[in-house]
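The structure file input-v3.cif is reproduced below (mmCIF, N, CA and C atoms).
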```
data_run
loop_
_atom_site.label_atom_id
_atom_site.label_comp_id
_atom_site.auth_asym_id
_atom_site.auth_seq_id
_atom_site.Cartn_x
_atom_site.Cartn_y
_atom_site.Cartn_z
N MET K 12 -36.61 -36.57 19.71
CA MET K 12 -36.29 -35.48 20.62
C MET K 12 -37.41 -34.47 20.59
N ARG K 13 -37.66 -33.94 21.76
CA ARG K 13 -38.68 -32.91 21.85
C ARG K 13 -38.02 -31.55 21.65
N GLY K 14 -38.79 -30.50 21.59
CA GLY K 14 -38.33 -29.14 21.32
C GLY K 14 -37.22 -28.66 22.24
N ARG K 15 -37.40 -28.91 23.56
CA ARG K 15 -36.38 -28.45 24.51
C ARG K 15 -35.07 -29.20 24.32
N ASP K 16 -35.16 -30.48 24.00
CA ASP K 16 -33.95 -31.27 23.80
C ASP K 16 -33.15 -30.75 22.60
N TRP K 17 -33.83 -30.36 21.55
CA TRP K 17 -33.17 -29.79 20.37
C TRP K 17 -32.44 -28.50 20.74
N VAL K 18 -33.08 -27.66 21.53
CA VAL K 18 -32.48 -26.40 21.94
C VAL K 18 -31.23 -26.66 22.77
N ARG K 19 -31.31 -27.59 23.73
CA ARG K 19 -30.15 -27.90 24.56
C ARG K 19 -29.00 -28.48 23.73
N ALA K 20 -29.32 -29.38 22.81
CA ALA K 20 -28.29 -29.97 21.96
C ALA K 20 -27.62 -28.90 21.09
N GLY K 21 -28.44 -27.98 20.57
CA GLY K 21 -27.89 -26.89 19.76
C GLY K 21 -27.00 -25.97 20.59
N ALA K 22 -27.40 -25.68 21.81
CA ALA K 22 -26.60 -24.83 22.69
C ALA K 22 -25.27 -25.49 23.02
N ARG K 23 -25.28 -26.81 23.26
CA ARG K 23 -24.03 -27.51 23.56
C ARG K 23 -23.10 -27.49 22.34
N ALA K 24 -23.65 -27.69 21.16
CA ALA K 24 -22.84 -27.67 19.94
C ALA K 24 -22.25 -26.28 19.71
N LEU K 25 -23.04 -25.25 19.96
CA LEU K 25 -22.56 -23.88 19.80
C LEU K 25 -21.46 -23.57 20.80
N THR K 26 -21.63 -24.01 22.03
CA THR K 26 -20.61 -23.79 23.06
C THR K 26 -19.31 -24.51 22.69
N ALA K 27 -19.42 -25.75 22.19
CA ALA K 27 -18.24 -26.51 21.79
C ALA K 27 -17.52 -25.81 20.64
N ALA K 28 -18.27 -25.31 19.67
CA ALA K 28 -17.66 -24.61 18.53
C ALA K 28 -16.95 -23.34 19.00
N THR K 29 -17.55 -22.63 19.94
CA THR K 29 -16.94 -21.41 20.47
C THR K 29 -15.62 -21.73 21.17
N VAL K 30 -15.59 -22.81 21.93
CA VAL K 30 -14.38 -23.23 22.64
C VAL K 30 -13.29 -23.58 21.63
N ILE K 31 -13.63 -24.29 20.57
CA ILE K 31 -12.65 -24.68 19.55
C ILE K 31 -12.06 -23.45 18.86
N VAL K 32 -12.91 -22.52 18.47
CA VAL K 32 -12.44 -21.30 17.81
C VAL K 32 -11.54 -20.50 18.74
N ALA K 33 -11.92 -20.37 20.00
CA ALA K 33 -11.11 -19.63 20.97
C ALA K 33 -9.75 -20.31 21.16
N ALA K 34 -9.73 -21.63 21.21
CA ALA K 34 -8.47 -22.37 21.39
C ALA K 34 -7.56 -22.18 20.17
N MET K 35 -8.14 -22.23 18.97
CA MET K 35 -7.34 -22.03 17.76
C MET K 35 -6.75 -20.63 17.72
N THR K 36 -7.53 -19.65 18.10
CA THR K 36 -7.06 -18.27 18.09
C THR K 36 -5.95 -18.09 19.11
N ALA K 37 -6.12 -18.63 20.30
CA ALA K 37 -5.11 -18.51 21.34
C ALA K 37 -3.83 -19.24 20.96
N ALA K 38 -3.95 -20.33 20.23
CA ALA K 38 -2.78 -21.11 19.83
C ALA K 38 -2.15 -20.57 18.56
N GLY K 39 -2.70 -19.47 18.03
CA GLY K 39 -2.12 -18.90 16.81
C GLY K 39 -2.61 -19.60 15.57
N GLY K 40 -3.85 -19.99 15.53
CA GLY K 40 -4.41 -20.70 14.39
C GLY K 40 -4.28 -19.94 13.09
N THR K 41 -4.31 -18.62 13.15
CA THR K 41 -4.11 -17.82 11.95
C THR K 41 -2.87 -16.98 12.15
N ALA K 42 -1.87 -17.24 11.34
CA ALA K 42 -0.61 -16.51 11.45
C ALA K 42 -0.62 -15.32 10.49
N HIS K 43 -0.30 -14.17 11.02
CA HIS K 43 -0.19 -12.97 10.20
C HIS K 43 1.22 -12.43 10.36
N ALA K 44 1.94 -12.34 9.26
CA ALA K 44 3.31 -11.83 9.32
C ALA K 44 3.27 -10.33 9.58
N GLU K 45 4.19 -9.89 10.39
CA GLU K 45 4.29 -8.47 10.67
C GLU K 45 4.75 -7.75 9.42
N LYS K 46 4.22 -6.58 9.21
CA LYS K 46 4.65 -5.78 8.08
C LYS K 46 6.02 -5.17 8.39
N ILE K 47 6.81 -5.00 7.36
CA ILE K 47 8.15 -4.44 7.49
C ILE K 47 8.10 -3.01 6.97
N SER K 48 8.53 -2.08 7.79
CA SER K 48 8.56 -0.68 7.40
C SER K 48 9.90 -0.41 6.70
N ASN K 49 9.84 0.14 5.51
CA ASN K 49 11.03 0.36 4.69
C ASN K 49 11.30 1.86 4.53
N PRO K 50 12.58 2.25 4.40
CA PRO K 50 12.91 3.67 4.27
C PRO K 50 12.79 4.23 2.85
N VAL K 51 12.61 3.34 1.86
CA VAL K 51 12.59 3.79 0.47
C VAL K 51 11.39 3.19 -0.27
N ALA K 52 10.68 4.03 -1.01
CA ALA K 52 9.61 3.57 -1.90
C ALA K 52 10.09 3.71 -3.34
N GLU K 53 9.87 2.68 -4.13
CA GLU K 53 10.26 2.70 -5.54
C GLU K 53 8.99 2.86 -6.38
N PHE K 54 8.99 3.87 -7.21
CA PHE K 54 7.86 4.16 -8.09
C PHE K 54 8.27 4.04 -9.54
N THR K 55 7.30 3.83 -10.39
CA THR K 55 7.51 3.91 -11.82
C THR K 55 6.54 4.95 -12.35
N GLY K 56 7.04 5.80 -13.22
CA GLY K 56 6.22 6.86 -13.79
C GLY K 56 6.23 6.80 -15.31
N LEU K 57 5.11 7.12 -15.89
CA LEU K 57 4.96 7.15 -17.35
C LEU K 57 4.60 8.57 -17.76
N ASP K 58 5.38 9.13 -18.68
CA ASP K 58 5.04 10.39 -19.32
C ASP K 58 4.30 10.02 -20.60
N LYS K 59 3.01 10.27 -20.64
CA LYS K 59 2.17 9.84 -21.76
C LYS K 59 2.46 10.61 -23.04
N ILE K 60 3.04 11.78 -22.94
CA ILE K 60 3.34 12.58 -24.13
C ILE K 60 4.59 12.05 -24.82
N THR K 61 5.65 11.80 -24.05
CA THR K 61 6.90 11.32 -24.65
C THR K 61 6.95 9.80 -24.73
N GLY K 62 6.10 9.14 -23.94
CA GLY K 62 6.11 7.67 -23.90
C GLY K 62 7.24 7.11 -23.07
N GLN K 63 7.95 7.96 -22.35
CA GLN K 63 9.07 7.49 -21.54
C GLN K 63 8.60 6.99 -20.18
N ILE K 64 9.22 5.89 -19.77
CA ILE K 64 8.94 5.29 -18.47
C ILE K 64 10.19 5.44 -17.62
N ARG K 65 10.01 5.88 -16.39
CA ARG K 65 11.15 6.08 -15.49
C ARG K 65 10.84 5.45 -14.13
N THR K 66 11.81 4.71 -13.60
CA THR K 66 11.70 4.15 -12.25
C THR K 66 12.59 4.99 -11.34
N PHE K 67 12.04 5.37 -10.17
CA PHE K 67 12.81 6.24 -9.28
C PHE K 67 12.49 5.90 -7.83
N ASP K 68 13.49 6.14 -6.99
CA ASP K 68 13.38 5.88 -5.55
C ASP K 68 13.08 7.18 -4.82
N VAL K 69 12.29 7.06 -3.73
CA VAL K 69 11.96 8.22 -2.91
C VAL K 69 12.08 7.80 -1.44
N LEU K 70 12.79 8.61 -0.67
CA LEU K 70 12.87 8.37 0.77
C LEU K 70 11.52 8.67 1.41
N ILE K 71 11.19 7.95 2.45
CA ILE K 71 9.95 8.19 3.19
C ILE K 71 10.01 9.61 3.77
N ASP K 72 8.90 10.32 3.64
CA ASP K 72 8.73 11.71 4.10
C ASP K 72 9.55 12.72 3.32
N GLU K 73 10.13 12.32 2.20
CA GLU K 73 10.80 13.25 1.29
C GLU K 73 9.93 13.43 0.06
N THR K 74 10.13 14.53 -0.65
CA THR K 74 9.33 14.81 -1.84
C THR K 74 10.22 14.79 -3.07
N VAL K 75 9.74 14.13 -4.11
CA VAL K 75 10.47 14.10 -5.38
C VAL K 75 9.51 14.55 -6.48
N GLN K 76 10.05 15.18 -7.49
CA GLN K 76 9.23 15.68 -8.59
C GLN K 76 9.37 14.75 -9.79
N PHE K 77 8.24 14.40 -10.37
CA PHE K 77 8.19 13.64 -11.62
C PHE K 77 7.29 14.44 -12.55
N GLY K 78 7.89 15.11 -13.53
CA GLY K 78 7.12 16.01 -14.39
C GLY K 78 6.52 17.11 -13.55
N ALA K 79 5.22 17.29 -13.65
CA ALA K 79 4.52 18.31 -12.86
C ALA K 79 4.00 17.75 -11.55
N LEU K 80 4.34 16.51 -11.24
CA LEU K 80 3.83 15.89 -10.02
C LEU K 80 4.91 15.86 -8.94
N GLN K 81 4.48 16.06 -7.70
CA GLN K 81 5.36 15.92 -6.55
C GLN K 81 4.83 14.78 -5.69
N LEU K 82 5.68 13.78 -5.44
CA LEU K 82 5.27 12.60 -4.66
C LEU K 82 5.97 12.62 -3.31
N THR K 83 5.19 12.35 -2.26
CA THR K 83 5.73 12.26 -0.91
C THR K 83 5.18 10.99 -0.25
N PRO K 84 5.97 9.91 -0.25
CA PRO K 84 5.51 8.71 0.45
C PRO K 84 5.65 8.91 1.96
N ARG K 85 4.66 8.46 2.71
CA ARG K 85 4.69 8.58 4.17
C ARG K 85 5.11 7.28 4.85
N VAL K 86 4.76 6.15 4.29
CA VAL K 86 5.19 4.84 4.77
C VAL K 86 5.30 3.92 3.56
N CYS K 87 6.11 2.88 3.69
CA CYS K 87 6.20 1.86 2.65
C CYS K 87 6.38 0.52 3.34
N TYR K 88 5.36 -0.32 3.24
CA TYR K 88 5.35 -1.60 3.94
C TYR K 88 5.52 -2.76 2.97
N SER K 89 6.27 -3.76 3.43
CA SER K 89 6.38 -5.01 2.70
C SER K 89 6.22 -6.14 3.71
N ARG K 90 6.29 -7.38 3.24
CA ARG K 90 6.18 -8.56 4.10
C ARG K 90 7.48 -9.36 3.99
N PRO K 91 7.72 -10.26 4.94
CA PRO K 91 8.92 -11.11 4.85
C PRO K 91 8.89 -11.94 3.56
N PRO K 92 10.07 -12.35 3.08
CA PRO K 92 10.14 -13.13 1.83
C PRO K 92 9.37 -14.44 1.87
N THR K 93 9.10 -14.96 3.07
CA THR K 93 8.38 -16.23 3.19
C THR K 93 6.87 -16.05 3.05
N GLU K 94 6.40 -14.83 3.03
CA GLU K 94 4.97 -14.53 2.93
C GLU K 94 4.62 -14.06 1.52
N PRO K 95 3.34 -14.15 1.15
CA PRO K 95 2.93 -13.58 -0.14
C PRO K 95 3.21 -12.07 -0.14
N PRO K 96 3.68 -11.54 -1.26
CA PRO K 96 4.01 -10.11 -1.29
C PRO K 96 2.76 -9.24 -1.13
N ARG K 97 2.86 -8.27 -0.26
CA ARG K 97 1.81 -7.27 -0.07
C ARG K 97 2.52 -5.95 0.17
N THR K 98 2.99 -5.36 -0.89
CA THR K 98 3.77 -4.14 -0.80
C THR K 98 2.84 -2.95 -0.96
N THR K 99 2.84 -2.06 0.05
CA THR K 99 1.93 -0.92 0.04
C THR K 99 2.65 0.35 0.47
N THR K 100 2.15 1.46 0.02
CA THR K 100 2.65 2.75 0.47
C THR K 100 1.49 3.71 0.63
N PHE K 101 1.63 4.59 1.59
CA PHE K 101 0.69 5.70 1.73
C PHE K 101 1.40 6.91 1.17
N VAL K 102 0.83 7.53 0.17
CA VAL K 102 1.52 8.60 -0.55
C VAL K 102 0.61 9.80 -0.77
N GLU K 103 1.23 10.96 -0.82
CA GLU K 103 0.53 12.20 -1.18
C GLU K 103 1.12 12.67 -2.50
N VAL K 104 0.25 13.02 -3.43
CA VAL K 104 0.70 13.48 -4.74
C VAL K 104 0.09 14.85 -5.02
N ASP K 105 0.96 15.79 -5.31
CA ASP K 105 0.53 17.15 -5.66
C ASP K 105 0.89 17.44 -7.10
N GLU K 106 0.12 18.30 -7.73
CA GLU K 106 0.42 18.76 -9.08
C GLU K 106 0.82 20.23 -9.01
N VAL K 107 1.91 20.56 -9.68
CA VAL K 107 2.32 21.94 -9.79
C VAL K 107 1.71 22.46 -11.09
N THR K 108 0.78 23.41 -10.96
CA THR K 108 0.06 23.92 -12.14
C THR K 108 0.93 24.92 -12.91
N LEU K 109 0.48 25.29 -14.08
CA LEU K 109 1.23 26.23 -14.91
C LEU K 109 1.44 27.58 -14.23
N ASP K 110 0.50 27.97 -13.37
CA ASP K 110 0.66 29.24 -12.65
C ASP K 110 1.35 29.02 -11.30
N ARG K 111 2.09 27.92 -11.18
CA ARG K 111 2.94 27.56 -10.03
C ARG K 111 2.17 27.36 -8.72
N LYS K 112 0.91 27.01 -8.81
CA LYS K 112 0.15 26.66 -7.62
C LYS K 112 0.26 25.16 -7.41
N ILE K 113 0.26 24.76 -6.15
CA ILE K 113 0.34 23.34 -5.83
C ILE K 113 -1.04 22.86 -5.42
N GLN K 114 -1.47 21.81 -6.09
CA GLN K 114 -2.82 21.28 -5.89
C GLN K 114 -2.73 19.79 -5.58
N ARG K 115 -3.30 19.35 -4.46
CA ARG K 115 -3.29 17.93 -4.09
C ARG K 115 -4.23 17.18 -5.02
N ILE K 116 -3.70 16.14 -5.69
CA ILE K 116 -4.54 15.35 -6.59
C ILE K 116 -4.76 13.92 -6.11
N PHE K 117 -3.94 13.50 -5.12
CA PHE K 117 -4.11 12.14 -4.62
C PHE K 117 -3.53 12.04 -3.22
N THR K 118 -4.26 11.41 -2.34
CA THR K 118 -3.78 11.02 -1.01
C THR K 118 -4.37 9.65 -0.74
N GLY K 119 -3.52 8.67 -0.51
CA GLY K 119 -4.05 7.35 -0.22
C GLY K 119 -3.02 6.26 -0.38
N TRP K 120 -3.53 5.04 -0.34
CA TRP K 120 -2.69 3.85 -0.43
C TRP K 120 -2.51 3.42 -1.86
N MET K 121 -1.31 2.99 -2.19
CA MET K 121 -0.99 2.35 -3.46
C MET K 121 -0.52 0.94 -3.16
N PHE K 122 -0.85 0.02 -4.05
CA PHE K 122 -0.53 -1.39 -3.87
C PHE K 122 0.30 -1.87 -5.05
N ALA K 123 1.52 -2.33 -4.78
CA ALA K 123 2.38 -2.79 -5.86
C ALA K 123 1.78 -3.98 -6.60
N GLY K 124 1.06 -4.84 -5.89
CA GLY K 124 0.46 -6.02 -6.50
C GLY K 124 -0.74 -5.71 -7.38
N SER K 125 -1.31 -4.53 -7.23
CA SER K 125 -2.46 -4.10 -8.04
C SER K 125 -2.23 -2.67 -8.50
N PRO K 126 -1.34 -2.46 -9.47
CA PRO K 126 -0.99 -1.09 -9.85
C PRO K 126 -2.17 -0.28 -10.40
N GLY K 127 -3.17 -0.93 -10.92
CA GLY K 127 -4.33 -0.19 -11.43
C GLY K 127 -5.26 0.29 -10.32
N LEU K 128 -5.09 -0.28 -9.14
CA LEU K 128 -5.92 0.10 -8.00
C LEU K 128 -5.21 1.21 -7.25
N ASN K 129 -5.77 2.39 -7.28
CA ASN K 129 -5.23 3.57 -6.61
C ASN K 129 -3.89 4.04 -7.15
N ALA K 130 -3.62 3.82 -8.41
CA ALA K 130 -2.46 4.45 -9.03
C ALA K 130 -2.86 5.87 -9.41
N VAL K 131 -1.88 6.75 -9.49
CA VAL K 131 -2.17 8.12 -9.90
C VAL K 131 -2.43 8.11 -11.39
N ASP K 132 -3.60 8.50 -11.77
CA ASP K 132 -3.97 8.57 -13.18
C ASP K 132 -4.21 10.03 -13.52
N HIS K 133 -3.27 10.61 -14.22
CA HIS K 133 -3.25 12.03 -14.56
C HIS K 133 -3.34 12.12 -16.08
N PRO K 134 -3.84 13.22 -16.65
CA PRO K 134 -3.91 13.32 -18.11
C PRO K 134 -2.56 13.16 -18.81
N ILE K 135 -1.48 13.54 -18.14
CA ILE K 135 -0.15 13.46 -18.77
C ILE K 135 0.72 12.38 -18.12
N TYR K 136 0.56 12.13 -16.82
CA TYR K 136 1.44 11.22 -16.09
C TYR K 136 0.66 10.12 -15.40
N ASP K 137 1.24 8.94 -15.39
CA ASP K 137 0.79 7.84 -14.55
C ASP K 137 1.95 7.51 -13.61
N VAL K 138 1.64 7.26 -12.36
CA VAL K 138 2.66 6.88 -11.38
C VAL K 138 2.10 5.75 -10.54
N TRP K 139 2.92 4.73 -10.28
CA TRP K 139 2.48 3.63 -9.46
C TRP K 139 3.65 3.09 -8.64
N LEU K 140 3.33 2.46 -7.52
CA LEU K 140 4.31 1.84 -6.64
C LEU K 140 4.78 0.53 -7.26
N THR K 141 6.10 0.31 -7.23
CA THR K 141 6.62 -0.96 -7.72
C THR K 141 7.28 -1.79 -6.62
N ASN K 142 7.81 -1.11 -5.58
CA ASN K 142 8.53 -1.86 -4.56
C ASN K 142 8.78 -0.98 -3.33
N CYS K 143 9.05 -1.63 -2.20
CA CYS K 143 9.57 -0.97 -1.00
C CYS K 143 10.95 -1.55 -0.78
N LYS K 144 11.90 -0.70 -0.42
CA LYS K 144 13.28 -1.16 -0.33
C LYS K 144 13.95 -0.68 0.95
N THR K 145 14.94 -1.45 1.37
CA THR K 145 15.73 -1.07 2.54
C THR K 145 16.96 -0.27 2.15
N SER K 146 17.33 -0.30 0.87
CA SER K 146 18.50 0.44 0.41
C SER K 146 18.25 0.96 -0.99
N SER K 147 19.08 1.93 -1.41
CA SER K 147 18.94 2.51 -2.73
C SER K 147 20.29 3.04 -3.19
N ASP K 148 20.82 2.46 -4.26
CA ASP K 148 22.05 2.97 -4.85
C ASP K 148 21.81 4.39 -5.38
N GLU K 149 20.65 4.59 -5.95
CA GLU K 149 20.27 5.90 -6.51
C GLU K 149 20.33 7.01 -5.46
N LEU K 150 19.91 6.69 -4.23
CA LEU K 150 19.89 7.68 -3.15
C LEU K 150 21.09 7.57 -2.22
N GLY K 151 21.95 6.57 -2.46
CA GLY K 151 23.14 6.39 -1.63
C GLY K 151 22.82 5.89 -0.23
N ILE K 152 21.82 5.01 -0.12
CA ILE K 152 21.40 4.49 1.19
C ILE K 152 21.66 2.99 1.23
N GLY K 153 22.26 2.52 2.31
CA GLY K 153 22.48 1.09 2.49
C GLY K 153 23.60 0.56 1.63
N ASN K 154 23.71 -0.75 1.63
CA ASN K 154 24.76 -1.48 0.88
C ASN K 154 26.06 -0.74 0.95
#
```

As C-alpha coordinates, the full file:
Amino acid sequence: MRGRDWVRAGARALTAATVIVAAMTAAGGTAHAEKISNPVAEFTGLDKITGQIRTFDVLIDETVQFGALQLTPRVCYSRPPTEPPRTTTFVEVDEVTLDRKIQRIFTGWMFAGSPGLNAVDHPIYDVWLTNCKTSSDELGIGN
(Lines of atoms letter the chains of each structure in order from A and count residues from 1; the text may use other names and numbers.)
(Lines give C-alpha, C1' and ligand atoms only; values in the text may rest on other atoms or scores of the structure.)
Protein backbone atom coordinates (compact mmCIF):
# COMPACT_ATOMS: atom_id res chain seq x y z
CA MET A 1 0.00 0.00 0.00
CA ARG A 2 1.12 3.47 -0.77
CA GLY A 3 0.87 6.44 1.62
CA ARG A 4 -2.56 7.60 0.47
CA ASP A 5 -3.99 4.11 0.74
CA TRP A 6 -2.84 3.87 4.37
CA VAL A 7 -4.51 7.20 5.16
CA ARG A 8 -7.80 6.11 3.54
CA ALA A 9 -7.75 2.75 5.33
CA GLY A 10 -7.08 4.49 8.65
CA ALA A 11 -9.91 6.96 8.06
CA ARG A 12 -12.34 4.12 7.28
CA ALA A 13 -11.31 2.26 10.45
CA LEU A 14 -11.72 5.42 12.52
CA THR A 15 -15.16 6.09 11.03
CA ALA A 16 -16.23 2.49 11.74
CA ALA A 17 -15.04 2.75 15.36
CA THR A 18 -16.93 6.03 15.79
CA VAL A 19 -20.13 4.43 14.47
CA ILE A 20 -19.75 1.46 16.86
CA VAL A 21 -19.19 3.70 19.89
CA ALA A 22 -22.16 5.90 18.95
CA ALA A 23 -24.39 2.83 18.52
CA MET A 24 -23.34 1.41 21.91
CA THR A 25 -24.02 4.72 23.61
CA ALA A 26 -27.42 5.10 21.97
CA ALA A 27 -28.33 1.53 22.90
CA GLY A 28 -27.36 2.13 26.52
CA GLY A 29 -24.00 0.38 26.41
CA THR A 30 -23.09 1.89 29.75
CA ALA A 31 -25.81 1.74 32.37
CA HIS A 32 -25.70 4.23 35.21
CA ALA A 33 -28.19 3.77 38.02
CA GLU A 34 -29.99 6.88 39.09
CA LYS A 35 -29.04 8.15 42.49
CA ILE A 36 -31.70 7.99 45.18
CA SER A 37 -32.25 11.10 47.27
CA ASN A 38 -32.87 10.22 50.91
CA PRO A 39 -34.42 12.34 53.69
CA VAL A 40 -32.05 11.14 56.44
CA ALA A 41 -28.25 11.02 56.73
CA GLU A 42 -26.72 8.71 59.32
CA PHE A 43 -23.41 9.80 60.83
CA THR A 44 -21.03 8.31 63.33
CA GLY A 45 -19.07 10.56 65.63
CA LEU A 46 -16.08 9.90 67.85
CA ASP A 47 -15.27 11.97 70.93
CA LYS A 48 -11.51 11.50 71.16
CA ILE A 49 -11.35 12.63 74.79
CA THR A 50 -13.93 10.21 76.20
CA GLY A 51 -13.44 7.55 73.51
CA GLN A 52 -17.19 7.32 73.02
CA ILE A 53 -18.63 6.59 69.60
CA ARG A 54 -22.17 7.67 68.78
CA THR A 55 -24.29 7.02 65.69
CA PHE A 56 -27.00 9.59 64.99
CA ASP A 57 -29.51 10.47 62.30
CA VAL A 58 -29.96 13.95 60.81
CA LEU A 59 -32.77 15.15 58.56
CA ILE A 60 -31.68 16.83 55.34
CA ASP A 61 -31.41 20.62 55.80
CA GLU A 62 -31.68 20.26 59.59
CA THR A 63 -28.82 20.93 62.01
CA VAL A 64 -27.75 18.63 64.82
CA GLN A 65 -25.06 19.22 67.41
CA PHE A 66 -22.38 16.65 68.20
CA GLY A 67 -20.12 18.03 70.93
CA ALA A 68 -18.96 21.43 69.72
CA LEU A 69 -19.81 20.59 66.11
CA GLN A 70 -23.00 21.42 64.24
CA LEU A 71 -23.74 19.26 61.19
CA THR A 72 -26.18 20.20 58.43
CA PRO A 73 -26.51 17.69 55.60
CA ARG A 74 -27.88 19.21 52.39
CA VAL A 75 -28.38 16.01 50.36
CA CYS A 76 -27.83 12.31 50.96
CA TYR A 77 -27.61 10.04 47.92
CA SER A 78 -27.54 6.27 47.67
CA ARG A 79 -27.91 3.77 44.81
CA PRO A 80 -30.42 0.94 44.27
CA PRO A 81 -29.62 -2.32 46.10
CA THR A 82 -28.70 -3.96 42.78
CA GLU A 83 -25.85 -1.48 42.24
CA PRO A 84 -22.52 -1.15 44.04
CA PRO A 85 -23.01 1.11 47.08
CA ARG A 86 -22.06 4.74 46.54
CA THR A 87 -23.49 6.58 49.50
CA THR A 88 -22.65 10.28 49.59
CA THR A 89 -23.74 13.41 51.38
CA PHE A 90 -23.01 17.08 50.97
CA VAL A 91 -22.64 18.49 54.46
CA GLU A 92 -21.72 21.71 56.22
CA VAL A 93 -19.97 21.45 59.58
CA ASP A 94 -19.57 24.37 61.96
CA GLU A 95 -17.69 24.54 65.24
CA VAL A 96 -19.09 26.44 68.18
CA THR A 97 -16.05 28.02 69.86
CA LEU A 98 -15.64 28.63 73.58
CA ASP A 99 -16.63 32.27 73.09
CA ARG A 100 -19.86 31.06 71.37
CA LYS A 101 -18.81 32.05 67.86
CA ILE A 102 -19.74 29.76 65.00
CA GLN A 103 -16.95 28.95 62.60
CA ARG A 104 -17.33 26.85 59.42
CA ILE A 105 -14.73 24.08 59.46
CA PHE A 106 -15.96 21.87 56.63
CA THR A 107 -18.15 22.13 53.55
CA GLY A 108 -18.11 19.31 51.06
CA TRP A 109 -18.89 15.75 50.14
CA MET A 110 -18.51 12.76 52.45
CA PHE A 111 -18.41 9.21 51.15
CA ALA A 112 -19.63 6.31 53.29
CA GLY A 113 -17.46 3.88 51.32
CA SER A 114 -14.31 5.92 52.06
CA PRO A 115 -14.73 7.40 55.54
CA GLY A 116 -11.15 8.66 55.62
CA LEU A 117 -11.76 10.70 52.48
CA ASN A 118 -13.34 14.02 53.44
CA ALA A 119 -14.35 13.00 56.94
CA VAL A 120 -14.36 15.79 59.50
CA ASP A 121 -11.08 15.54 61.34
CA HIS A 122 -11.15 17.81 64.37
CA PRO A 123 -8.72 17.83 67.34
CA ILE A 124 -11.48 16.51 69.62
CA TYR A 125 -14.13 15.04 67.27
CA ASP A 126 -14.22 12.87 64.19
CA VAL A 127 -17.46 12.62 62.22
CA TRP A 128 -18.16 10.55 59.13
CA LEU A 129 -21.12 9.45 57.00
CA THR A 130 -22.24 5.87 57.50
CA ASN A 131 -25.52 5.65 55.58
CA CYS A 132 -28.41 7.41 53.84
CA LYS A 133 -31.85 6.30 54.95
CA THR A 134 -35.47 6.67 53.98
CA SER A 135 -36.70 6.30 57.57
CA SER A 136 -35.46 6.80 61.11
CA ASP A 137 -36.90 5.43 64.34
CA GLU A 138 -34.70 7.93 66.18
CA LEU A 139 -36.37 10.85 64.36
CA GLY A 140 -39.81 9.25 64.09
CA ILE A 141 -39.81 9.20 60.27
CA GLY A 142 -41.19 6.37 58.15
CA ASN A 143 -42.02 2.81 59.15

For Phe101 of chain K, which residue out of K:Ile135, K:Ile116, K:Ile64, K:Ala52 is the nearest one, using only C-alpha atoms?
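Nearest to Phe101 of chain K: K:Ala52.
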
Which residues are close to Thr55 of chain K, i.e. within 8 Å by all atoms listed in the file, leaving aside same-chain residues fewer than 3 positions away? Reply as a PyMOL selection string.
chain K and resi 52+58+64-68+137-142

Could you pull the residues within 8 Å of Gly78 of chain K, counting all atoms listed in the file, minus those fewer than 2 positions along the same chain, as a count of residues only?
8

Interatomic distance between atom N of Pro95 of chain K and atom C of Phe54 of chain K?
21.7 Å

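Reported to one decimal place, the separation of atom CA of Ser48 of chain K from atom CA of Pro91 of chain K is 10.7 Å.
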
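Rounded to one decimal, atom C of Phe122 of chain K and atom N of Glu45 of chain K lie 17.8 Å from each other.
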
Scan for residues within 9 Å of the point (6.3, -10.4, 8.7) in the coordinates of the file, using only C-alpha atoms, and reply as a list in words.
His43, Ala44, Glu45, Lys46, Ile47, Ser89, Arg90, Pro91, Pro92, Thr93 and Glu94 of chain K

What's around Leu82 of chain K at 8 Å? Count only N, CA and C atoms, leave out sequence neighbours fewer than 2 positions away in its own chain, and write the answer as a list in words.
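Those residues are Val69, Asp72, Glu73, Thr74, Val75, Gln76, Phe77, Ala79, Leu80, Pro84, Arg85, Val102, Glu103, Val104, Asp105 and Glu106 of chain K.
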
Pick out the closest residue to Leu70 of chain K from this set: K:Asp132, K:Gln114, K:Thr108, K:Leu150. Count all atoms listed in the file.
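Of all the options, K:Leu150 lies closest to Leu70 of chain K.
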
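Applied to the file shown here, the PyMOL selection byres (((chain K and resi 50 and name CA) around 6) and name CA) selects Asn49, Val51, Leu70, Ile71 and Thr145 of chain K.
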
Using only C-alpha atoms: which of K:Thr61, K:Arg111, K:Met121, K:Gly56 has the shortest distance to Cys143 of chain K
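Selected residue with least distance to Cys143 of chain K: K:Met121.
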